[in-house]
Each structure stands twice: as C-alpha cells, then as structure tokens.
>>> print(open('final_19.cif').read())   # mmCIF, C-alpha atoms
data_work
#
loop_
_atom_site.group_PDB
_atom_site.id
_atom_site.type_symbol
_atom_site.label_atom_id
_atom_site.label_comp_id
_atom_site.auth_asym_id
_atom_site.auth_seq_id
_atom_site.Cartn_x
_atom_site.Cartn_y
_atom_site.Cartn_z
ATOM 1 C CA MET H 1 8.137 -13.880 -25.077
ATOM 2 C CA LEU H 2 8.578 -10.343 -23.842
ATOM 3 C CA ASP H 3 5.078 -9.272 -24.784
ATOM 4 C CA ARG H 4 3.791 -11.732 -22.177
ATOM 5 C CA LEU H 5 5.486 -9.581 -19.583
ATOM 6 C CA ARG H 6 2.963 -6.792 -19.788
ATOM 7 C CA PHE H 7 0.671 -5.411 -17.139
ATOM 8 C CA PRO H 8 -2.720 -4.898 -18.779
ATOM 9 C CA GLN H 9 -4.132 -3.152 -15.704
ATOM 10 C CA PRO H 10 -1.378 -1.252 -13.921
ATOM 11 C CA TRP H 11 -3.630 -0.071 -11.090
ATOM 12 C CA LEU H 12 -4.886 -3.561 -10.317
ATOM 13 C CA SER H 13 -1.304 -4.849 -10.385
ATOM 14 C CA LEU H 14 -0.206 -2.119 -7.995
ATOM 15 C CA ILE H 15 -3.058 -2.848 -5.582
ATOM 16 C CA LEU H 16 -2.303 -6.583 -5.675
ATOM 17 C CA PHE H 17 1.399 -5.979 -5.049
ATOM 18 C CA VAL H 18 0.811 -3.642 -2.112
ATOM 19 C CA THR H 19 -1.841 -5.940 -0.602
ATOM 20 C CA TRP H 20 0.570 -8.877 -0.779
ATOM 21 C CA GLN H 21 3.249 -6.873 1.042
ATOM 22 C CA PHE H 22 0.738 -6.135 3.794
ATOM 23 C CA LEU H 23 -0.357 -9.752 4.031
ATOM 24 C CA SER H 24 3.171 -11.148 4.334
ATOM 25 C CA GLU H 25 4.821 -10.358 7.635
ATOM 26 C CA GLY H 26 7.286 -7.637 6.754
ATOM 27 C CA ILE H 27 8.738 -6.862 3.359
ATOM 28 C CA SER H 28 11.418 -9.341 2.324
ATOM 29 C CA GLY H 29 12.969 -10.499 -0.930
ATOM 30 C CA ALA H 30 10.593 -13.442 -1.084
ATOM 31 C CA SER H 31 7.493 -11.289 -0.592
ATOM 32 C CA VAL H 32 8.601 -8.847 -3.291
ATOM 33 C CA VAL H 33 9.181 -11.665 -5.806
ATOM 34 C CA MET H 34 5.887 -13.338 -4.941
ATOM 35 C CA GLY H 35 4.094 -9.982 -5.060
ATOM 36 C CA LEU H 36 5.459 -9.230 -8.510
ATOM 37 C CA LEU H 37 4.464 -12.691 -9.727
ATOM 38 C CA LEU H 38 0.901 -12.262 -8.442
ATOM 39 C CA ALA H 39 0.673 -8.697 -9.777
ATOM 40 C CA TRP H 40 1.590 -10.107 -13.185
ATOM 41 C CA ALA H 41 -0.451 -13.337 -13.169
ATOM 42 C CA ILE H 42 -3.803 -12.306 -11.655
ATOM 43 C CA PRO H 43 -4.611 -9.521 -14.166
ATOM 44 C CA GLN H 44 -3.741 -11.955 -16.996
ATOM 45 C CA ILE H 45 -6.128 -14.596 -15.642
ATOM 46 C CA THR H 46 -8.966 -12.189 -14.901
ATOM 47 C CA GLU H 47 -8.603 -10.160 -18.084
ATOM 48 C CA GLY H 48 -11.603 -11.926 -19.634
ATOM 49 C CA PHE H 49 -13.877 -10.637 -16.866
ATOM 50 C CA TRP H 50 -13.235 -7.017 -17.828
ATOM 51 C CA PRO H 51 -14.776 -6.454 -21.245
ATOM 52 C CA GLU H 52 -14.246 -2.737 -20.790
ATOM 53 C CA LYS H 53 -11.109 -1.629 -19.030
ATOM 54 C CA PRO H 54 -12.001 0.444 -15.982
ATOM 55 C CA ALA H 55 -10.796 3.982 -16.439
ATOM 56 C CA PHE H 56 -10.373 6.303 -13.536
ATOM 57 C CA VAL H 57 -9.913 9.777 -14.812
ATOM 58 C CA LYS H 58 -9.734 11.559 -11.499
ATOM 59 C CA ALA H 59 -8.580 9.006 -8.954
ATOM 60 C CA ARG H 60 -7.429 11.767 -6.629
ATOM 61 C CA ARG H 61 -11.055 12.409 -5.712
ATOM 62 C CA LEU H 62 -11.326 8.896 -4.287
ATOM 63 C CA PRO H 63 -9.999 9.613 -0.743
ATOM 64 C CA MET H 64 -12.607 12.350 -0.280
ATOM 65 C CA TYR H 65 -15.339 9.971 -1.463
ATOM 66 C CA LEU H 66 -14.175 7.263 0.961
ATOM 67 C CA ALA H 67 -14.082 9.759 3.827
ATOM 68 C CA VAL H 68 -17.684 10.820 3.145
ATOM 69 C CA LEU H 69 -18.679 7.149 2.893
ATOM 70 C CA LEU H 70 -17.002 6.237 6.182
ATOM 71 C CA TRP H 71 -18.745 9.087 7.971
ATOM 72 C CA ASP H 72 -22.106 8.085 6.484
ATOM 73 C CA ILE H 73 -21.632 4.488 7.595
ATOM 74 C CA VAL H 74 -21.182 5.682 11.178
ATOM 75 C CA VAL H 75 -24.142 8.085 11.120
ATOM 76 C CA ALA H 76 -26.488 5.674 9.369
ATOM 77 C CA SER H 77 -25.491 2.722 11.585
ATOM 78 C CA ILE H 78 -26.575 4.726 14.590
ATOM 79 C CA SER H 79 -29.922 5.571 13.013
ATOM 80 C CA VAL H 80 -30.571 1.916 12.096
ATOM 81 C CA ALA H 81 -29.606 0.875 15.622
ATOM 82 C CA LYS H 82 -32.086 3.422 17.009
ATOM 83 C CA LEU H 83 -34.825 2.056 14.767
ATOM 84 C CA ILE H 84 -34.160 -1.534 15.838
ATOM 85 C CA LEU H 85 -34.290 -0.597 19.505
ATOM 86 C CA SER H 86 -37.403 1.573 19.212
ATOM 87 C CA PRO H 87 -40.775 -0.181 19.255
ATOM 88 C CA ARG H 88 -42.209 1.409 16.082
ATOM 89 C CA GLN H 89 -42.435 -0.556 12.827
ATOM 90 C CA PRO H 90 -40.180 0.517 9.948
ATOM 91 C CA LYS H 91 -41.560 1.897 6.684
ATOM 92 C CA PRO H 92 -39.709 -0.001 3.965
ATOM 93 C CA ILE H 93 -39.780 1.215 0.351
ATOM 94 C CA PHE H 94 -38.576 -0.316 -2.892
ATOM 95 C CA VAL H 95 -37.006 2.595 -4.751
ATOM 96 C CA CYS H 96 -36.351 2.574 -8.489
ATOM 97 C CA TYR H 97 -33.278 4.728 -8.805
ATOM 98 C CA PRO H 98 -32.693 6.221 -12.269
ATOM 99 C CA LEU H 99 -28.984 5.825 -12.994
ATOM 100 C CA GLN H 100 -27.080 8.582 -14.711
ATOM 101 C CA LEU H 101 -23.783 6.750 -14.522
ATOM 102 C CA GLU H 102 -22.973 4.651 -17.554
ATOM 103 C CA HIS H 103 -19.710 2.912 -16.788
ATOM 104 C CA PRO H 104 -20.298 -0.613 -15.362
ATOM 105 C CA LEU H 105 -17.549 -0.236 -12.749
ATOM 106 C CA ALA H 106 -18.998 3.093 -11.626
ATOM 107 C CA ILE H 107 -22.435 1.497 -11.286
ATOM 108 C CA SER H 108 -21.085 -1.380 -9.231
ATOM 109 C CA ILE H 109 -19.201 1.040 -6.965
ATOM 110 C CA LEU H 110 -22.421 3.017 -6.481
ATOM 111 C CA ALA H 111 -24.391 -0.163 -5.770
ATOM 112 C CA SER H 112 -21.802 -1.322 -3.220
ATOM 113 C CA THR H 113 -21.812 2.104 -1.608
ATOM 114 C CA ILE H 114 -25.582 1.986 -1.285
ATOM 115 C CA SER H 115 -25.431 -1.477 0.258
ATOM 116 C CA LEU H 116 -22.698 -0.477 2.704
ATOM 117 C CA THR H 117 -24.553 2.482 4.111
ATOM 118 C CA PRO H 118 -27.053 1.055 6.577
ATOM 119 C CA GLY H 119 -30.697 1.497 5.738
ATOM 120 C CA THR H 120 -30.331 0.829 2.021
ATOM 121 C CA VAL H 121 -29.528 -2.329 0.048
ATOM 122 C CA SER H 122 -29.192 -2.307 -3.711
ATOM 123 C CA ALA H 123 -31.186 -5.323 -4.803
ATOM 124 C CA ASP H 124 -30.882 -5.410 -8.576
ATOM 125 C CA VAL H 125 -29.903 -3.466 -11.665
ATOM 126 C CA SER H 126 -32.104 -3.516 -14.734
ATOM 127 C CA ASP H 127 -30.820 -5.324 -17.825
ATOM 128 C CA ASP H 128 -30.197 -2.108 -19.728
ATOM 129 C CA GLN H 129 -28.299 -0.703 -16.708
ATOM 130 C CA ARG H 130 -30.535 2.330 -16.398
ATOM 131 C CA ILE H 131 -32.422 1.595 -13.187
ATOM 132 C CA LEU H 132 -31.166 0.395 -9.836
ATOM 133 C CA LEU H 133 -33.653 -1.242 -7.505
ATOM 134 C CA ILE H 134 -32.958 -0.261 -3.911
ATOM 135 C CA HIS H 135 -34.628 -1.504 -0.768
ATOM 136 C CA THR H 136 -34.686 1.091 1.984
ATOM 137 C CA LEU H 137 -35.414 0.095 5.542
ATOM 138 C CA ASP H 138 -37.057 3.254 6.730
ATOM 139 C CA ALA H 139 -37.719 6.329 4.623
ATOM 140 C CA GLU H 140 -40.366 9.001 4.174
ATOM 141 C CA SER H 141 -40.563 8.951 0.384
ATOM 142 C CA SER H 142 -38.644 7.529 -2.546
ATOM 143 C CA GLU H 143 -37.863 11.026 -3.882
ATOM 144 C CA GLU H 144 -35.988 11.791 -0.699
ATOM 145 C CA VAL H 145 -33.861 8.646 -1.044
ATOM 146 C CA ILE H 146 -33.129 9.289 -4.733
ATOM 147 C CA ASP H 147 -32.163 12.871 -3.990
ATOM 148 C CA ALA H 148 -29.821 11.946 -1.143
ATOM 149 C CA ILE H 149 -28.054 9.216 -3.110
ATOM 150 C CA HIS H 150 -27.683 11.412 -6.154
ATOM 151 C CA LYS H 151 -26.169 14.288 -4.219
ATOM 152 C CA ARG H 152 -23.872 12.351 -1.920
ATOM 153 C CA TYR H 153 -22.616 9.506 -4.083
ATOM 154 C CA GLU H 154 -23.566 9.622 -7.738
ATOM 155 C CA LYS H 155 -22.363 13.167 -8.449
ATOM 156 C CA PRO H 156 -18.826 12.567 -7.127
ATOM 157 C CA LEU H 157 -18.692 9.257 -9.002
ATOM 158 C CA MET H 158 -19.759 10.964 -12.217
ATOM 159 C CA GLU H 159 -16.971 13.453 -11.792
ATOM 160 C CA MET H 160 -14.501 10.614 -11.243
ATOM 161 C CA PHE H 161 -15.534 8.559 -14.258
ATOM 162 C CA GLN H 162 -16.268 11.072 -16.968
ATOM 163 C CA MET N 1 0.326 0.180 27.382
ATOM 164 C CA SER N 2 -0.841 3.537 28.641
ATOM 165 C CA LEU N 3 -4.029 4.071 30.598
ATOM 166 C CA PHE N 4 -5.455 6.200 27.813
ATOM 167 C CA SER N 5 -5.122 3.509 25.164
ATOM 168 C CA GLU N 6 -6.606 0.961 27.563
ATOM 169 C CA TYR N 7 -9.711 3.111 27.952
ATOM 170 C CA LEU N 8 -9.830 3.700 24.213
ATOM 171 C CA ILE N 9 -9.624 -0.030 23.445
ATOM 172 C CA SER N 10 -12.285 -0.923 26.026
ATOM 173 C CA GLY N 11 -14.553 1.806 24.698
ATOM 174 C CA LEU N 12 -14.179 0.628 21.107
ATOM 175 C CA LEU N 13 -14.766 -3.005 22.102
ATOM 176 C CA LEU N 14 -17.955 -2.020 23.937
ATOM 177 C CA ILE N 15 -19.204 0.016 20.970
ATOM 178 C CA GLY N 16 -18.371 -2.825 18.588
ATOM 179 C CA GLY N 17 -20.061 -5.408 20.764
ATOM 180 C CA ALA N 18 -23.152 -3.227 21.184
ATOM 181 C CA PHE N 19 -23.578 -2.704 17.453
ATOM 182 C CA THR N 20 -23.077 -6.393 16.693
ATOM 183 C CA LEU N 21 -25.704 -7.247 19.316
ATOM 184 C CA ILE N 22 -28.137 -4.693 17.901
ATOM 185 C CA GLY N 23 -27.610 -6.137 14.415
ATOM 186 C CA ALA N 24 -28.514 -9.579 15.755
ATOM 187 C CA LEU N 25 -31.576 -8.172 17.567
ATOM 188 C CA GLY N 26 -32.672 -6.600 14.292
ATOM 189 C CA LEU N 27 -32.676 -10.039 12.726
ATOM 190 C CA ALA N 28 -35.248 -11.145 15.293
ATOM 191 C CA ARG N 29 -37.306 -7.979 15.450
ATOM 192 C CA LEU N 30 -37.751 -6.712 11.902
ATOM 193 C CA PRO N 31 -40.856 -7.859 10.033
ATOM 194 C CA ASP N 32 -39.777 -9.410 6.708
ATOM 195 C CA PHE N 33 -36.837 -10.822 4.781
ATOM 196 C CA PHE N 34 -35.775 -7.603 3.083
ATOM 197 C CA THR N 35 -35.798 -5.525 6.250
ATOM 198 C CA ARG N 36 -33.929 -8.255 8.126
ATOM 199 C CA LEU N 37 -31.216 -7.989 5.509
ATOM 200 C CA HIS N 38 -30.367 -4.560 6.919
ATOM 201 C CA GLY N 39 -29.667 -5.564 10.519
ATOM 202 C CA PRO N 40 -26.839 -8.060 10.224
ATOM 203 C CA THR N 41 -25.201 -6.716 7.056
ATOM 204 C CA LYS N 42 -24.967 -3.155 8.288
ATOM 205 C CA ALA N 43 -25.031 -2.495 11.995
ATOM 206 C CA THR N 44 -22.360 -5.161 11.894
ATOM 207 C CA THR N 45 -20.161 -3.140 9.529
ATOM 208 C CA LEU N 46 -19.700 -0.537 12.232
ATOM 209 C CA GLY N 47 -19.465 -3.203 14.948
ATOM 210 C CA VAL N 48 -16.689 -5.127 13.236
ATOM 211 C CA GLY N 49 -15.017 -1.862 12.248
ATOM 212 C CA ALA N 50 -14.830 -0.753 15.887
ATOM 213 C CA ILE N 51 -13.527 -4.141 17.066
ATOM 214 C CA MET N 52 -10.854 -4.152 14.348
ATOM 215 C CA LEU N 53 -9.835 -0.611 15.265
ATOM 216 C CA SER N 54 -9.391 -1.601 18.905
ATOM 217 C CA SER N 55 -7.267 -4.546 17.774
ATOM 218 C CA VAL N 56 -5.090 -2.223 15.685
ATOM 219 C CA ILE N 57 -4.605 0.084 18.675
ATOM 220 C CA TYR N 58 -3.828 -2.828 20.994
ATOM 221 C CA PHE N 59 -1.112 -4.335 18.803
ATOM 222 C CA SER N 60 0.339 -0.935 17.957
ATOM 223 C CA SER N 61 0.599 0.117 21.608
ATOM 224 C CA THR N 62 2.168 -3.172 22.729
ATOM 225 C CA ASP N 63 4.989 -2.759 20.181
ATOM 226 C CA GLN N 64 4.166 -5.752 18.039
ATOM 227 C CA GLY N 65 4.185 -3.666 14.907
ATOM 228 C CA LEU N 66 1.342 -1.798 13.308
ATOM 229 C CA GLY N 67 -1.691 -4.052 12.848
ATOM 230 C CA ILE N 68 -1.963 -3.783 9.097
ATOM 231 C CA SER N 69 -3.586 -7.188 8.722
ATOM 232 C CA GLU N 70 -6.584 -5.985 10.758
ATOM 233 C CA ILE N 71 -7.043 -3.079 8.382
ATOM 234 C CA LEU N 72 -6.961 -5.563 5.497
ATOM 235 C CA ILE N 73 -9.604 -7.705 7.189
ATOM 236 C CA THR N 74 -11.839 -4.634 7.475
ATOM 237 C CA VAL N 75 -11.245 -3.688 3.840
ATOM 238 C CA PHE N 76 -12.085 -7.200 2.615
ATOM 239 C CA LEU N 77 -15.178 -7.268 4.809
ATOM 240 C CA PHE N 78 -16.349 -3.930 3.405
ATOM 241 C CA LEU N 79 -15.732 -5.202 -0.126
ATOM 242 C CA THR N 80 -17.621 -8.476 0.303
ATOM 243 C CA ALA N 81 -20.541 -7.452 2.561
ATOM 244 C CA PRO N 82 -22.412 -5.519 -0.182
ATOM 245 C CA VAL N 83 -21.986 -8.393 -2.636
ATOM 246 C CA SER N 84 -23.445 -10.967 -0.255
ATOM 247 C CA ALA N 85 -26.342 -8.634 0.654
ATOM 248 C CA ASN N 86 -27.002 -8.132 -3.045
ATOM 249 C CA MET N 87 -26.967 -11.891 -3.747
ATOM 250 C CA LEU N 88 -29.394 -12.531 -0.869
ATOM 251 C CA ALA N 89 -31.754 -9.801 -2.076
ATOM 252 C CA LYS N 90 -31.625 -11.121 -5.636
ATOM 253 C CA ALA N 91 -32.308 -14.675 -4.536
ATOM 254 C CA ALA N 92 -35.240 -13.498 -2.415
ATOM 255 C CA MET N 93 -36.716 -11.573 -5.348
ATOM 256 C CA HIS N 94 -36.279 -14.577 -7.591
ATOM 257 C CA LEU N 95 -38.136 -16.792 -5.139
ATOM 258 C CA GLY N 96 -40.839 -14.159 -4.633
ATOM 259 C CA VAL N 97 -40.400 -13.808 -0.885
ATOM 260 C CA ARG N 98 -43.329 -11.911 0.604
ATOM 261 C CA THR N 99 -42.797 -8.385 1.894
ATOM 262 C CA THR N 100 -44.599 -6.789 4.836
ATOM 263 C CA ASP N 101 -47.830 -4.954 4.095
ATOM 264 C CA SER N 102 -46.349 -1.577 4.926
ATOM 265 C CA THR N 103 -43.803 -1.854 2.089
ATOM 266 C CA GLU N 104 -44.209 0.715 -0.661
ATOM 267 C CA GLY N 105 -43.337 -0.295 -4.197
ATOM 268 C CA ASN N 106 -42.664 -3.777 -5.506
ATOM 269 C CA PRO N 107 -39.629 -5.868 -6.286
ATOM 270 C CA TRP N 108 -39.498 -6.498 -10.006
ATOM 271 C CA GLU N 109 -39.041 -9.735 -11.871
ATOM 272 C CA GLN N 110 -36.899 -9.937 -14.952
#
>>> encode(input="final_19.cif", output="structure tokens")
Amino acid sequence: MLDRLRFPQPWLSLILFVTWQFLSEGISGASVVMGLLLAWAIPQITEGFWPEKPAFVKARRLPMYLAVLLWDIVVASISVAKLILSPRQPKPIFVCYPLQLEHPLAISILASTISLTPGTVSADVSDDQRILLIHTLDAESSEEVIDAIHKRYEKPLMEMFQ
Amino acid sequence: MSLFSEYLISGLLLIGGAFTLIGALGLARLPDFFTRLHGPTKATTLGVGAIMLSSVIYFSSTDQGLGISEILITVFLFLTAPVSANMLAKAAMHLGVRTTDSTEGNPWEQ
C-alpha cells in the first residue's frame, strides 16, 4: 500500500503542485489537498510516456537559458515583422541541423526553442534522432543558421543535460 | 491607478495589437505554406506576450492581486505554440505541399 505513495518524478510533481496553487484563487486547505492529489496521480498515469526518466543535471542554468530565449523572441519577432512589412520576398531554406544532443527531452526542448524563436520552425526529427529539419523564413545560408542555433541554444542545453 | 502605469498599459496593448496584426498580414502576404507558418505562430507570441503583460500590470495596479493566471496563460501558450507549428509542418510535409521556387533545400519524406 505504501509503495503506491511514491513520487516517481519529483520535479514534475513539484511543478504540478505549484501550478495548481496558481490556478486556484489563493492558497487554501482545499487547494493544497487537491494539488497534492494531482501531483501524485498525474506522474503515475503518465509514467508510461517517459521510457527514459528526464534527468536535469544542472537545472540552475535554466533561468539564464530562458532569459536568453525571451530576449531572442523579442529581437526575432521584430525582424520577422520588418520582413512582413517590407515588399521584398523572403528567402526560405530547409536546414538539416546535425544534432549533438542525445537525450530525447533535450532534443524536444531544442526543437521547441527553435519553433518559438520567430523565423525558424523545427519541422521534423529524423528517425535515428541525429538530424533536425528546420524551416527558416529568411536566411543567407544554412551554415549561418546552424552556427547560430548551436552557439545560442544547443551548447547551453548540452551543459545542462550531460 | 497611476498615470505612469496607464501609459505603460496602453503602450503594451498597442505593441501587442500591432504584432498580432502583422502576424495576420504575414498570413496573407507570404508566398507558401511553410513561410506562412511563421507569421501567425511567432509574431503572435510577442503580441500575446505584450497583451498579457499589460493585463498583469492592470490587475496588479488596481489592487486585485497579482495576475498570476495571466502569466500561466502565457506559459501554456509558449509551451503549446511550438507543438502545433510542428504538427502543421509535419502534416504539410506528409501531404507534399509545394514550396515556393526560391526555397533552398527540400523537405524530406520518411
């Protein structure tokens, strides 16, 4: 009986609990009980979707990463807006990005990051998870895109997930 | 509500509205499916972000408690927008949607 009361993914449970407190208007006894119940039940139900447990080694680098990402979203949104308003045609490229990350969660974070920054959408990942197909709206060359993504996003992620 | 926060909220609302409008214009102006994907999924991220921020400031400055739910809306939006863009791109590649002639490289099929 007691071994059912475990939290297989403590971080996920914590995030769920905190999110529930934010969603319910003010912290009360009821919201704490409900939050604990959800923090226990949801990881149990979704356990099958995580064949490999995600492992953050250096989670303290995450705030810095998010700050860089937020800034890039602002800068890149402005450049996409400029392109849309200017009369010239964009130069789209399909870029095959060689992945150095190996962890599936790290790859999906990188892919989401690429999609969030305007001007690039990650379209697909190859079956062996070595190549990410990215569609860029307007770029000079694919090397430039690969270089920028590697420096800004993949390197910090590699440091986080080693 | 102070004059300063009123200006701040109006400014953010204008920025948000402008970016949302530009995202919609991109949908009409850009040449093919894949480039159109960029307009609404992205310029809108900043647009919605600015509108949410103005909402947070409004409710915080009128003493109705800090607008945490707006921040959550933004977080959920930022989590789901890349997934939907990815699904659309994948579906388009699967159907073999044509790209504009100026596109370099090809979508693959697996």
>>> closest_residue(input="final_19.cif", among="N:Met52, N:Leu14, N:Leu3, N:Leu25", to="chain H", atoms="only C-alpha atoms")
N:Leu25
>>> resolve_selection(input="final_19.cif", expression="the PyMOL selection byres ((chain H and resi 39) around 10)", output="PyMOL selection string")
chain H and resi 7+9-20+33-38+40-44
>>> atom_distance(input="final_19.cif", atom1="atom CA of Pro90 of chain H", atom2="atom CA of Ala148 of chain H")
19.0 Å
>>> resolve_selection(input="final_19.cif", expression="the PyMOL selection byres ((chain H and resi 118) around 6)", output="PDB file with C-alpha atoms, keeping the file's coordinate frame")
ATOM      1  CA  ALA H  76     -26.488   5.674   9.369  1.00  0.00           C
ATOM      2  CA  SER H  77     -25.491   2.722  11.585  1.00  0.00           C
ATOM      3  CA  THR H 117     -24.553   2.482   4.111  1.00  0.00           C
ATOM      4  CA  GLY H 119     -30.697   1.497   5.738  1.00  0.00           C
ATOM      5  CA  THR H 120     -30.331   0.829   2.021  1.00  0.00           C
TER       6      THR H 120
ATOM      7  CA  LYS N  42     -24.967  -3.155   8.288  1.00  0.00           C
TER       8      LYS N  42
END
>>> resolve_selection(input="final_19.cif", expression="the PyMOL selection byres ((chain H) within 6 of (chain N))", output="MDAnalysis selection string")
chainID H and resid 77 84 92:94 112 115:116 118 123 137
>>> closest_residue(input="final_19.cif", among="H:Ile107, H:Val75, H:Leu5, H:Leu85", to="Phe161 of chain H", atoms="all atoms listed in the file")
H:Ile107
>>> atom_distance(input="final_19.cif", atom1="atom CA of Ile9 of chain N", atom2="atom CA of Tyr58 of chain N")
6.9 Å
>>> atom_distance(input="final_19.cif", atom1="atom CA of Cys96 of chain H", atom2="atom CA of Pro63 of chain H")
28.4 Å
